[in-house]
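Asks: Supplied structure: my_file.pdb, PDB, C-alpha atoms and all ligand atoms.
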ATOM      1  CA  MET N   1       2.802 -17.116   0.006  1.00  0.00           C
ATOM      2  CA  ALA N   2       0.386 -19.609  -1.557  1.00  0.00           C
ATOM      3  CA  GLY N   3      -2.982 -19.589   0.162  1.00  0.00           C
ATOM      4  CA  LEU N   4      -2.483 -16.200   1.784  1.00  0.00           C
ATOM      5  CA  ALA N   5      -4.826 -13.433   0.726  1.00  0.00           C
ATOM      6  CA  PRO N   6      -3.276 -10.597  -1.340  1.00  0.00           C
ATOM      7  CA  ILE N   7      -3.979  -8.122   1.432  1.00  0.00           C
ATOM      8  CA  ALA N   8      -1.686  -5.607   3.126  1.00  0.00           C
ATOM      9  CA  VAL N   9      -3.138  -4.930   6.551  1.00  0.00           C
ATOM     10  CA  ALA N  10      -2.559  -1.266   7.443  1.00  0.00           C
ATOM     11  CA  LEU N  11      -1.210  -1.406  10.992  1.00  0.00           C
ATOM     12  CA  ASP N  12      -2.324   2.113  11.906  1.00  0.00           C
ATOM     13  CA  ALA N  13      -2.019   1.386  15.628  1.00  0.00           C
ATOM     14  CA  PRO N  14      -1.643   3.836  18.500  1.00  0.00           C
ATOM     15  CA  ASP N  15       1.277   1.896  19.973  1.00  0.00           C
ATOM     16  CA  LEU N  16       3.770  -0.825  19.198  1.00  0.00           C
ATOM     17  CA  GLU N  17       2.141  -3.490  21.370  1.00  0.00           C
ATOM     18  CA  THR N  18      -1.180  -3.096  19.550  1.00  0.00           C
ATOM     19  CA  ALA N  19       0.537  -3.216  16.149  1.00  0.00           C
ATOM     20  CA  ALA N  20       2.408  -6.396  17.115  1.00  0.00           C
ATOM     21  CA  ARG N  21      -0.777  -7.989  18.441  1.00  0.00           C
ATOM     22  CA  TRP N  22      -2.723  -7.220  15.246  1.00  0.00           C
ATOM     23  CA  ALA N  23       0.222  -8.516  13.214  1.00  0.00           C
ATOM     24  CA  GLY N  24       0.245 -11.817  15.070  1.00  0.00           C
ATOM     25  CA  LEU N  25      -3.495 -12.257  14.567  1.00  0.00           C
ATOM     26  CA  VAL N  26      -3.599 -11.524  10.828  1.00  0.00           C
ATOM     27  CA  THR N  27      -0.352 -13.034   9.507  1.00  0.00           C
ATOM     28  CA  PRO N  28      -1.840 -16.557   9.216  1.00  0.00           C
ATOM     29  CA  HIS N  29      -4.268 -15.149   6.615  1.00  0.00           C
ATOM     30  CA  VAL N  30      -2.637 -12.288   4.668  1.00  0.00           C
ATOM     31  CA  SER N  31       0.515 -11.837   2.594  1.00  0.00           C
ATOM     32  CA  THR N  32       1.585  -8.406   3.807  1.00  0.00           C
ATOM     33  CA  LEU N  33       1.692  -5.939   6.715  1.00  0.00           C
ATOM     34  CA  LYS N  34       1.799  -2.199   6.021  1.00  0.00           C
ATOM     35  CA  ILE N  35       3.729   0.060   8.378  1.00  0.00           C
ATOM     36  CA  GLY N  36       2.937   3.749   7.928  1.00  0.00           C
ATOM     37  CA  LEU N  37       4.582   7.002   8.910  1.00  0.00           C
ATOM     38  CA  GLU N  38       2.952   7.374  12.310  1.00  0.00           C
ATOM     39  CA  LEU N  39       4.186   4.075  13.709  1.00  0.00           C
ATOM     40  CA  TYR N  40       7.583   4.340  12.052  1.00  0.00           C
ATOM     41  CA  LEU N  41       8.223   7.891  13.262  1.00  0.00           C
ATOM     42  CA  ARG N  42       7.134   7.046  16.787  1.00  0.00           C
ATOM     43  CA  TYR N  43       9.063   3.813  17.248  1.00  0.00           C
ATOM     44  CA  GLY N  44      11.716   3.809  14.528  1.00  0.00           C
ATOM     45  CA  PRO N  45      13.200   0.807  12.732  1.00  0.00           C
ATOM     46  CA  GLU N  46      12.442  -1.589  15.615  1.00  0.00           C
ATOM     47  CA  VAL N  47       8.794  -1.524  14.599  1.00  0.00           C
ATOM     48  CA  VAL N  48       9.638  -3.731  11.620  1.00  0.00           C
ATOM     49  CA  ALA N  49      11.069  -6.560  13.713  1.00  0.00           C
ATOM     50  CA  SER N  50       8.246  -6.197  16.233  1.00  0.00           C
ATOM     51  CA  VAL N  51       5.474  -6.721  13.700  1.00  0.00           C
ATOM     52  CA  ARG N  52       7.326  -9.269  11.611  1.00  0.00           C
ATOM     53  CA  GLY N  53       8.078 -11.533  14.561  1.00  0.00           C
ATOM     54  CA  ALA N  54       9.204 -14.943  13.402  1.00  0.00           C
ATOM     55  CA  SER N  55       6.886 -14.927  10.383  1.00  0.00           C
ATOM     56  CA  ALA N  56       7.770 -14.689   6.691  1.00  0.00           C
ATOM     57  CA  VAL N  57       5.138 -12.014   6.084  1.00  0.00           C
ATOM     58  CA  HIS N  58       6.019  -9.259   3.596  1.00  0.00           C
ATOM     59  CA  VAL N  59       6.604  -5.855   5.144  1.00  0.00           C
ATOM     60  CA  PHE N  60       5.314  -2.869   3.174  1.00  0.00           C
ATOM     61  CA  LEU N  61       7.115   0.227   4.454  1.00  0.00           C
ATOM     62  CA  ASP N  62       4.801   3.089   3.534  1.00  0.00           C
ATOM     63  CA  LEU N  63       7.105   6.032   4.207  1.00  0.00           C
ATOM     64  CA  LYS N  64       6.112   8.004   1.072  1.00  0.00           C
ATOM     65  CA  LEU N  65       9.603   9.421   0.502  1.00  0.00           C
ATOM     66  CA  HIS N  66       9.604  12.768  -1.295  1.00  0.00           C
ATOM     67  CA  ASP N  67      12.923  14.638  -1.504  1.00  0.00           C
ATOM     68  CA  ILE N  68      15.916  15.294  -3.750  1.00  0.00           C
ATOM     69  CA  PRO N  69      17.442  12.160  -5.299  1.00  0.00           C
ATOM     70  CA  ALA N  70      20.499  12.041  -3.006  1.00  0.00           C
ATOM     71  CA  THR N  71      18.331  12.233   0.101  1.00  0.00           C
ATOM     72  CA  VAL N  72      15.829   9.682  -1.186  1.00  0.00           C
ATOM     73  CA  ALA N  73      18.741   7.356  -1.991  1.00  0.00           C
ATOM     74  CA  ALA N  74      20.210   7.764   1.490  1.00  0.00           C
ATOM     75  CA  ALA N  75      16.830   7.185   3.128  1.00  0.00           C
ATOM     76  CA  ALA N  76      16.127   4.115   0.989  1.00  0.00           C
ATOM     77  CA  ARG N  77      19.583   2.752   1.834  1.00  0.00           C
ATOM     78  CA  ALA N  78      18.915   3.344   5.531  1.00  0.00           C
ATOM     79  CA  VAL N  79      15.730   1.280   5.503  1.00  0.00           C
ATOM     80  CA  ALA N  80      16.933  -1.383   3.029  1.00  0.00           C
ATOM     81  CA  ARG N  81      18.635  -3.211   5.893  1.00  0.00           C
ATOM     82  CA  LEU N  82      15.169  -3.804   7.395  1.00  0.00           C
ATOM     83  CA  ARG N  83      14.397  -5.937   4.308  1.00  0.00           C
ATOM     84  CA  PRO N  84      11.055  -4.376   3.410  1.00  0.00           C
ATOM     85  CA  ALA N  85       9.328  -6.121   0.512  1.00  0.00           C
ATOM     86  CA  MET N  86       7.963  -2.737  -0.585  1.00  0.00           C
ATOM     87  CA  LEU N  87       8.878   0.902  -0.047  1.00  0.00           C
ATOM     88  CA  THR N  88       6.812   3.896  -1.191  1.00  0.00           C
ATOM     89  CA  VAL N  89       8.137   7.030  -2.907  1.00  0.00           C
ATOM     90  CA  HIS N  90       6.019   9.912  -4.224  1.00  0.00           C
ATOM     91  CA  ALA N  91       6.041   9.879  -8.018  1.00  0.00           C
ATOM     92  CA  ALA N  92       5.984  13.696  -7.871  1.00  0.00           C
ATOM     93  CA  ALA N  93       9.525  13.571  -6.443  1.00  0.00           C
ATOM     94  CA  GLY N  94      10.511  12.927 -10.069  1.00  0.00           C
ATOM     95  CA  ALA N  95      12.160  10.235 -12.133  1.00  0.00           C
ATOM     96  CA  ALA N  96      15.658  10.744 -10.690  1.00  0.00           C
ATOM     97  CA  ALA N  97      14.422  10.276  -7.120  1.00  0.00           C
ATOM     98  CA  ILE N  98      12.573   7.074  -8.010  1.00  0.00           C
ATOM     99  CA  GLN N  99      15.593   5.748  -9.868  1.00  0.00           C
ATOM    100  CA  ALA N 100      17.786   6.613  -6.863  1.00  0.00           C
ATOM    101  CA  ALA N 101      15.480   4.679  -4.524  1.00  0.00           C
ATOM    102  CA  ALA N 102      15.472   1.646  -6.818  1.00  0.00           C
ATOM    103  CA  GLN N 103      19.265   1.624  -6.929  1.00  0.00           C
ATOM    104  CA  ALA N 104      19.675   2.188  -3.206  1.00  0.00           C
ATOM    105  CA  ALA N 105      17.218  -0.544  -2.132  1.00  0.00           C
ATOM    106  CA  PRO N 106      17.540  -3.238  -4.810  1.00  0.00           C
ATOM    107  CA  GLY N 107      15.861  -5.860  -2.618  1.00  0.00           C
ATOM    108  CA  ALA N 108      12.686  -3.820  -2.174  1.00  0.00           C
ATOM    109  CA  ARG N 109       9.935  -3.200  -4.676  1.00  0.00           C
ATOM    110  CA  ILE N 110       9.772   0.562  -5.162  1.00  0.00           C
ATOM    111  CA  VAL N 111       6.121   1.537  -5.105  1.00  0.00           C
ATOM    112  CA  ALA N 112       5.210   4.979  -6.400  1.00  0.00           C
ATOM    113  CA  VAL N 113       2.338   6.995  -4.999  1.00  0.00           C
ATOM    114  CA  THR N 114       0.695   8.827  -7.891  1.00  0.00           C
ATOM    115  CA  VAL N 115      -1.923  11.300  -6.631  1.00  0.00           C
ATOM    116  CA  LEU N 116      -3.122  11.152  -3.029  1.00  0.00           C
ATOM    117  CA  THR N 117      -6.783  10.181  -3.025  1.00  0.00           C
ATOM    118  CA  SER N 118      -7.422  12.863  -0.392  1.00  0.00           C
ATOM    119  CA  LEU N 119      -6.893  15.529  -3.071  1.00  0.00           C
ATOM    120  CA  GLY N 120      -9.936  16.694  -5.012  1.00  0.00           C
ATOM    121  CA  GLU N 121      -9.889  18.519  -8.340  1.00  0.00           C
ATOM    122  CA  ALA N 122      -9.824  21.954  -6.610  1.00  0.00           C
ATOM    123  CA  ASP N 123      -6.791  20.912  -4.508  1.00  0.00           C
ATOM    124  CA  LEU N 124      -5.007  19.623  -7.606  1.00  0.00           C
ATOM    125  CA  ASP N 125      -5.704  22.897  -9.400  1.00  0.00           C
ATOM    126  CA  ARG N 126      -4.166  24.842  -6.520  1.00  0.00           C
ATOM    127  CA  ILE N 127      -0.956  22.799  -6.582  1.00  0.00           C
ATOM    128  CA  GLY N 128      -0.716  23.226 -10.328  1.00  0.00           C
ATOM    129  CA  LEU N 129      -1.925  19.807 -11.422  1.00  0.00           C
ATOM    130  CA  ALA N 130      -4.667  21.142 -13.649  1.00  0.00           C
ATOM    131  CA  GLY N 131      -7.008  18.865 -15.531  1.00  0.00           C
ATOM    132  CA  PRO N 132      -8.708  15.667 -14.448  1.00  0.00           C
ATOM    133  CA  ALA N 133      -7.026  13.709 -11.640  1.00  0.00           C
ATOM    134  CA  SER N 134      -7.073  10.608 -13.829  1.00  0.00           C
ATOM    135  CA  ALA N 135      -4.739  12.281 -16.342  1.00  0.00           C
ATOM    136  CA  ALA N 136      -2.248  13.164 -13.596  1.00  0.00           C
ATOM    137  CA  VAL N 137      -2.450   9.628 -12.214  1.00  0.00           C
ATOM    138  CA  ARG N 138      -1.699   8.134 -15.642  1.00  0.00           C
ATOM    139  CA  ARG N 139       1.159  10.570 -16.335  1.00  0.00           C
ATOM    140  CA  LEU N 140       2.786   9.974 -12.938  1.00  0.00           C
ATOM    141  CA  ALA N 141       2.305   6.204 -13.243  1.00  0.00           C
ATOM    142  CA  VAL N 142       4.160   6.109 -16.553  1.00  0.00           C
ATOM    143  CA  LEU N 143       6.919   8.389 -15.269  1.00  0.00           C
ATOM    144  CA  ALA N 144       7.411   6.234 -12.172  1.00  0.00           C
ATOM    145  CA  VAL N 145       7.517   2.946 -14.055  1.00  0.00           C
ATOM    146  CA  GLU N 146       9.974   4.318 -16.614  1.00  0.00           C
ATOM    147  CA  ALA N 147      12.174   5.379 -13.695  1.00  0.00           C
ATOM    148  CA  GLY N 148      12.194   1.899 -12.152  1.00  0.00           C
ATOM    149  CA  ALA N 149       9.154   1.663  -9.893  1.00  0.00           C
ATOM    150  CA  THR N 150       7.641  -1.821 -10.068  1.00  0.00           C
ATOM    151  CA  GLY N 151       4.573  -1.017  -8.011  1.00  0.00           C
ATOM    152  CA  LEU N 152       2.000   1.777  -7.951  1.00  0.00           C
ATOM    153  CA  VAL N 153      -0.579   2.886  -5.410  1.00  0.00           C
ATOM    154  CA  CYS N 154      -3.871   3.935  -6.950  1.00  0.00           C
ATOM    155  CA  SER N 155      -7.556   3.930  -6.077  1.00  0.00           C
ATOM    156  CA  PRO N 156      -9.717   0.967  -7.144  1.00  0.00           C
ATOM    157  CA  GLN N 157     -11.422   3.325  -9.619  1.00  0.00           C
ATOM    158  CA  GLU N 158      -8.096   4.041 -11.331  1.00  0.00           C
ATOM    159  CA  VAL N 159      -6.761   0.493 -11.499  1.00  0.00           C
ATOM    160  CA  ALA N 160      -8.074  -0.502 -14.915  1.00  0.00           C
ATOM    161  CA  ASP N 161      -6.868   2.740 -16.471  1.00  0.00           C
ATOM    162  CA  VAL N 162      -3.429   2.515 -14.885  1.00  0.00           C
ATOM    163  CA  ARG N 163      -3.140  -1.154 -15.830  1.00  0.00           C
ATOM    164  CA  SER N 164      -3.701  -0.303 -19.482  1.00  0.00           C
ATOM    165  CA  GLU N 165      -0.856   2.257 -19.289  1.00  0.00           C
ATOM    166  CA  VAL N 166       1.777   0.193 -17.476  1.00  0.00           C
ATOM    167  CA  GLY N 167       1.106  -3.427 -18.464  1.00  0.00           C
ATOM    168  CA  GLU N 168       0.865  -6.658 -16.521  1.00  0.00           C
ATOM    169  CA  ASP N 169       4.235  -6.699 -14.744  1.00  0.00           C
ATOM    170  CA  ILE N 170       3.613  -3.772 -12.401  1.00  0.00           C
ATOM    171  CA  MET N 171       2.073  -4.472  -8.987  1.00  0.00           C
ATOM    172  CA  LEU N 172      -1.006  -2.298  -8.506  1.00  0.00           C
ATOM    173  CA  ILE N 173      -1.877  -1.645  -4.881  1.00  0.00           C
ATOM    174  CA  THR N 174      -5.242  -0.195  -3.874  1.00  0.00           C
ATOM    175  CA  PRO N 175      -6.430   1.329  -0.594  1.00  0.00           C
ATOM    176  CA  GLY N 176     -10.081   2.298  -0.165  1.00  0.00           C
ATOM    177  CA  VAL N 177     -11.168  -1.342   0.036  1.00  0.00           C
ATOM    178  CA  ARG N 178     -14.232  -2.220   2.056  1.00  0.00           C
ATOM    179  CA  PRO N 179     -16.033  -5.567   2.297  1.00  0.00           C
ATOM    180  CA  ALA N 180     -19.710  -5.212   1.363  1.00  0.00           C
ATOM    181  CA  GLY N 181     -21.605  -3.692   4.274  1.00  0.00           C
ATOM    182  CA  ALA N 182     -18.510  -2.461   6.155  1.00  0.00           C
ATOM    183  CA  ASP N 183     -18.195   1.090   7.492  1.00  0.00           C
ATOM    184  CA  VAL N 184     -16.480   3.265   4.838  1.00  0.00           C
ATOM    185  CA  ASN N 185     -14.885   5.504   7.549  1.00  0.00           C
ATOM    186  CA  ASP N 186     -13.224   8.494   5.837  1.00  0.00           C
ATOM    187  CA  GLN N 187     -12.649   6.764   2.499  1.00  0.00           C
ATOM    188  CA  ALA N 188     -14.597   8.477  -0.266  1.00  0.00           C
ATOM    189  CA  ARG N 189     -14.319   6.111  -3.195  1.00  0.00           C
ATOM    190  CA  VAL N 190     -14.434   2.497  -2.111  1.00  0.00           C
ATOM    191  CA  ALA N 191     -14.641  -0.919  -3.727  1.00  0.00           C
ATOM    192  CA  THR N 192     -15.127  -4.394  -2.305  1.00  0.00           C
ATOM    193  CA  PRO N 193     -12.075  -6.709  -2.288  1.00  0.00           C
ATOM    194  CA  GLU N 194     -13.568  -8.733  -5.153  1.00  0.00           C
ATOM    195  CA  GLU N 195     -14.263  -5.622  -7.235  1.00  0.00           C
ATOM    196  CA  ALA N 196     -10.754  -4.252  -6.727  1.00  0.00           C
ATOM    197  CA  LEU N 197      -9.141  -7.547  -7.764  1.00  0.00           C
ATOM    198  CA  ARG N 198     -11.480  -7.912 -10.718  1.00  0.00           C
ATOM    199  CA  ALA N 199     -10.461  -4.393 -11.858  1.00  0.00           C
ATOM    200  CA  GLY N 200      -6.851  -5.595 -11.879  1.00  0.00           C
ATOM    201  CA  ALA N 201      -5.430  -4.826  -8.434  1.00  0.00           C
ATOM    202  CA  ASP N 202      -2.692  -7.161  -7.181  1.00  0.00           C
ATOM    203  CA  LEU N 203      -2.644  -6.179  -3.498  1.00  0.00           C
ATOM    204  CA  LEU N 204      -5.419  -4.671  -1.387  1.00  0.00           C
ATOM    205  CA  VAL N 205      -4.601  -2.290   1.464  1.00  0.00           C
ATOM    206  CA  ILE N 206      -7.164  -2.821   4.209  1.00  0.00           C
ATOM    207  CA  GLY N 207      -6.966  -1.217   7.615  1.00  0.00           C
ATOM    208  CA  ARG N 208      -9.917  -0.498   9.873  1.00  0.00           C
ATOM    209  CA  PRO N 209     -12.300  -3.184   8.548  1.00  0.00           C
ATOM    210  CA  ILE N 210      -9.732  -5.648   9.946  1.00  0.00           C
ATOM    211  CA  THR N 211      -7.935  -3.808  12.754  1.00  0.00           C
ATOM    212  CA  GLY N 212     -11.132  -2.218  14.090  1.00  0.00           C
ATOM    213  CA  ALA N 213     -12.941  -5.552  14.279  1.00  0.00           C
ATOM    214  CA  ALA N 214     -13.508  -7.210  17.649  1.00  0.00           C
ATOM    215  CA  ASP N 215     -11.374 -10.086  16.343  1.00  0.00           C
ATOM    216  CA  PRO N 216      -8.905  -8.863  13.674  1.00  0.00           C
ATOM    217  CA  GLY N 217      -7.766 -12.434  12.958  1.00  0.00           C
ATOM    218  CA  ALA N 218     -11.324 -13.562  12.247  1.00  0.00           C
ATOM    219  CA  ALA N 219     -11.986 -10.465  10.101  1.00  0.00           C
ATOM    220  CA  ALA N 220      -8.879 -11.164   7.993  1.00  0.00           C
ATOM    221  CA  ALA N 221      -9.814 -14.832   7.708  1.00  0.00           C
ATOM    222  CA  ALA N 222     -13.337 -13.915   6.575  1.00  0.00           C
ATOM    223  CA  ILE N 223     -12.081 -11.644   3.786  1.00  0.00           C
ATOM    224  CA  ALA N 224      -9.549 -14.291   2.724  1.00  0.00           C
ATOM    225  CA  ALA N 225     -12.356 -16.874   2.645  1.00  0.00           C
ATOM    226  CA  SER N 226     -14.566 -14.628   0.523  1.00  0.00           C
ATOM    227  CA  LEU N 227     -11.732 -14.149  -1.979  1.00  0.00           C
ATOM    228  CA  ARG N 228     -11.167 -17.899  -2.020  1.00  0.00           C
ATOM    229  CA  ARG N 229     -14.860 -18.439  -2.742  1.00  0.00           C
ATOM    230  CA  ALA N 230     -14.567 -15.938  -5.575  1.00  0.00           C
ATOM    231  CA  GLU N 231     -11.590 -18.034  -6.742  1.00  0.00           C
ATOM    232  CA  TYR N 232      -9.037 -15.235  -6.424  1.00  0.00           C
ATOM    233  CA  LEU N 233      -7.087 -17.409  -4.049  1.00  0.00           C
ATOM    234  CA  ARG N 234      -6.055 -20.994  -4.407  1.00  0.00           C
ATOM    235  CA  GLY N 235      -5.288 -23.283  -1.491  1.00  0.00           C
TER     236      GLY N 235
HETATM  237  O1  LIG R   1      -8.408   1.846   7.477  1.00  0.00           O
HETATM  238  P1  LIG R   1      -8.299   1.916   5.997  1.00  0.00           P
HETATM  239  O2  LIG R   1      -8.640   0.633   5.286  1.00  0.00           O
HETATM  240  O3  LIG R   1      -9.003   3.119   5.408  1.00  0.00           O
HETATM  241  O4  LIG R   1      -6.733   2.133   5.784  1.00  0.00           O
HETATM  242  C1  LIG R   1      -6.205   2.435   4.547  1.00  0.00           C
HETATM  243  C2  LIG R   1      -4.718   2.657   4.655  1.00  0.00           C
HETATM  244  O5  LIG R   1      -4.254   3.030   3.354  1.00  0.00           O
HETATM  245  C3  LIG R   1      -4.274   3.753   5.596  1.00  0.00           C
HETATM  246  O6  LIG R   1      -3.009   3.344   6.143  1.00  0.00           O
HETATM  247  C4  LIG R   1      -4.098   4.953   4.699  1.00  0.00           C
HETATM  248  O7  LIG R   1      -3.142   5.853   5.160  1.00  0.00           O
HETATM  249  C5  LIG R   1      -3.624   4.288   3.412  1.00  0.00           C
HETATM  250  N1  LIG R   1      -3.867   5.030   2.189  1.00  0.00           N
HETATM  251  C6  LIG R   1      -5.124   5.424   1.786  1.00  0.00           C
HETATM  252  N2  LIG R   1      -5.300   6.104   0.615  1.00  0.00           N
HETATM  253  C7  LIG R   1      -4.254   6.351  -0.151  1.00  0.00           C
HETATM  254  C8  LIG R   1      -2.964   5.949   0.228  1.00  0.00           C
HETATM  255  C9  LIG R   1      -2.807   5.267   1.418  1.00  0.00           C
HETATM  256  O8  LIG R   1      -6.103   5.175   2.474  1.00  0.00           O
HETATM  257  N3  LIG R   1      -4.429   6.979  -1.305  1.00  0.00           N
END
Could I get this file's structure written as structure tokens?
Replies:
Amino acid sequence: MAGLAPIAVALDAPDLETAARWAGLVTPHVSTLKIGLELYLRYGPEVVASVRGASAVHVFLDLKLHDIPATVAAAARAVARLRPAMLTVHAAAGAAAIQAAAQAAPGARIVAVTVLTSLGEADLDRIGLAGPASAAVRRLAVLAVEAGATGLVCSPQEVADVRSEVGEDIMLITPGVRPAGADVNDQARVATPEEALRAGADLLVIGRPITGAADPGAAAAAIAASLRRAEYLRG
């Protein structure tokens, strides 16, 4: 994937044709395409082949599995045949569920979601995760990595902290990324692509700044070019 930007474009499209069109436009510039629950639940496994096309792009299946270990294992096995590069599991499902996913889908990187960034301190209190969110993020990150996750989703603000807990070998993936001057939409805590990478992120999840642009291919190319100028990208 030399020369491709370390970006997972969130294909949050209303229909399969739109998702496939965006995919075709951005794959010359980015390493990864992210398929979320909405698209997957509407169109099923065929969505993966539709967006992948004939390209070698990595597919990030963001299904956020959260169930008992046997069910997580069965679900991970069911999607493993789609050859996703990455599959998400909620860290709060527990160590056994993460371990089960890793065993059931050995070809996929199991990426654990620590604490959803939509949850504020009051929400966390109500679900029993008292204390600062950053402590819960760190605790869940360590639990997930010990159980076999080799990737973690966290906000750009948490990356440096999480990196110091889990070391260099774990892929840290950050949503909430906005190029300077872009609309923040409903993201509360944002960072530019350069800031997120400088903080230690390995892969940036970017949706609307690319897919909402008049020309998604040009928007992806522009972000890739800015990272190249900042020397985060060779080639
Ligand atoms: O359009 P935007 O760049 O905000 O898209 C971000 C993507 O990352 C969406 O698919 C969203 O569901 C996902 N995401 C997020 N925050 C998280 C986890 C995932 O925005 N904490």
Asks: Find, counting all atoms listed in the file, the residue in N:Ala75, N:Ala213, N:His66, N:Ala20 that gets nearest to Val48 in chain N.
Replies: N:Ala20
Asks: Mind telling me what the PyMOL selection byres (((chain N and resi 158) around 10) and not hetatm) catches here, as a VMD selection string?
Replies: chain N and resid 133 to 134 137 to 138 153 to 157 159 to 163 172 174 196 199 to 201
Asks: When you count only C-alpha atoms, which of these residues is closest to Leu11 in chain N: N:Val79, N:Asp62, N:Ala54, N:Ala96?
Replies: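 Counting only C-alpha atoms, the residue closest to Leu11 in chain N is N:Asp62.
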Asks: Show which residues sit within 6 Å of Thr32 in chain N, as an NGL selection string. Count all atoms listed in the file, and ignore same-chain residues fewer than 6 positions away.
Replies: :N and (8 or 57-59)
Asks: Please write as a VMD selection string the full residue list that the PyMOL selection byres (((not hetatm)) within 8 of (chain R and resi 1)) yields on this file.
Replies: chain N and resid 9 to 12 34 to 36 113 115 to 118 153 to 155 174 to 178 184 to 187 205 to 211
Asks: Just to confirm, what's the straight-line distance from CA of Ala108 in chain N to CA of Ala85 in chain N in Å (one decimal)?
Replies: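 Pair CA of Ala108 in chain N / CA of Ala85 in chain N returns 4.9 Å.
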Asks: Quick one: pull the distance between CA of Trp22 in chain N and CA of Pro216 in chain N, Å, one decimal.
Replies: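 Result for CA of Trp22 in chain N versus CA of Pro216 in chain N: 6.6 Å, one decimal.
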Asks: Find the residue from N:Leu197, N:Ile98, N:Gly217, N:Ala78 that sits nearest to Thr150 in chain N; use all atoms listed in the file when measuring.
Replies: N:Ile98
Asks: Quick one: pull the distance between CA of Asp202 in chain N and CA of Pro6 in chain N, Å, one decimal.
Replies: 6.8 Å
Asks: Could you tell me which of N:Leu140, N:Ala74, N:Ala220, N:Ala80 comes closest to Pro179 in chain N if we count all atoms listed in the file?
Replies: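 Closest to Pro179 in chain N of all the choices is N:Ala220.
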Asks: I'd like the box whose edges run along x, y and z of the file and which contains every listed atom of range 180-197 of chain N, padded by 5 Å per side; could you state its centre and edge lengths in Å, one decimal, as JSON?
Replies:
{"center_x": -15.4, "center_y": -0.1, "center_z": -0.1, "size_x": 22.5, "size_y": 27.2, "size_z": 25.3}
Asks: Go through the shown structure with the PyMOL selection byres (((chain N and resi 28) around 9) and not hetatm) and write out the matching residues as JSON, numbers by chain.
Replies: {"N": [4, 24, 25, 26, 27, 29, 30, 31, 55, 57, 217, 220, 221]}
Asks: For Ala95 in chain N, find every residue with an atom within 12 Å (counting all atoms listed in the file), except residues of its own chain fewer than 6 positions away, and show them as a list in words.
Replies: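 Contacts, in chain order: His66, Asp67, Ile68, Pro69, Val72, Val89, Ala101, Ala102, Ala112, Arg139, Leu140, Ala141, Val142, Leu143, Ala144, Val145, Glu146, Ala147, Gly148 and Ala149 of chain N.
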Asks: Restricted to C-alpha atoms, what would the selected residues look like written as a PDB file, in the coordinates of the input?
Replies:
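Contents of out-v7.pdb, freshly written:
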ATOM      1  CA  HIS N  66       9.604  12.768  -1.295  1.00  0.00           C
ATOM      2  CA  ASP N  67      12.923  14.638  -1.504  1.00  0.00           C
ATOM      3  CA  ILE N  68      15.916  15.294  -3.750  1.00  0.00           C
ATOM      4  CA  PRO N  69      17.442  12.160  -5.299  1.00  0.00           C
ATOM      5  CA  VAL N  72      15.829   9.682  -1.186  1.00  0.00           C
ATOM      6  CA  VAL N  89       8.137   7.030  -2.907  1.00  0.00           C
ATOM      7  CA  ALA N 101      15.480   4.679  -4.524  1.00  0.00           C
ATOM      8  CA  ALA N 102      15.472   1.646  -6.818  1.00  0.00           C
ATOM      9  CA  ALA N 112       5.210   4.979  -6.400  1.00  0.00           C
ATOM     10  CA  ARG N 139       1.159  10.570 -16.335  1.00  0.00           C
ATOM     11  CA  LEU N 140       2.786   9.974 -12.938  1.00  0.00           C
ATOM     12  CA  ALA N 141       2.305   6.204 -13.243  1.00  0.00           C
ATOM     13  CA  VAL N 142       4.160   6.109 -16.553  1.00  0.00           C
ATOM     14  CA  LEU N 143       6.919   8.389 -15.269  1.00  0.00           C
ATOM     15  CA  ALA N 144       7.411   6.234 -12.172  1.00  0.00           C
ATOM     16  CA  VAL N 145       7.517   2.946 -14.055  1.00  0.00           C
ATOM     17  CA  GLU N 146       9.974   4.318 -16.614  1.00  0.00           C
ATOM     18  CA  ALA N 147      12.174   5.379 -13.695  1.00  0.00           C
ATOM     19  CA  GLY N 148      12.194   1.899 -12.152  1.00  0.00           C
ATOM     20  CA  ALA N 149       9.154   1.663  -9.893  1.00  0.00           C
TER      21      ALA N 149
END
Asks: Check the smallest atom-to-atom distance from each of N:Asp15, N:Gln103, N:Ala182, N:Leu63 to Arg77 in chain N using all atoms listed in the file, then report the winner.
Replies: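 Checking each of N:Asp15, N:Gln103, N:Ala182, N:Leu63 against Arg77 in chain N, counting all atoms listed in the file, the winner is N:Gln103.
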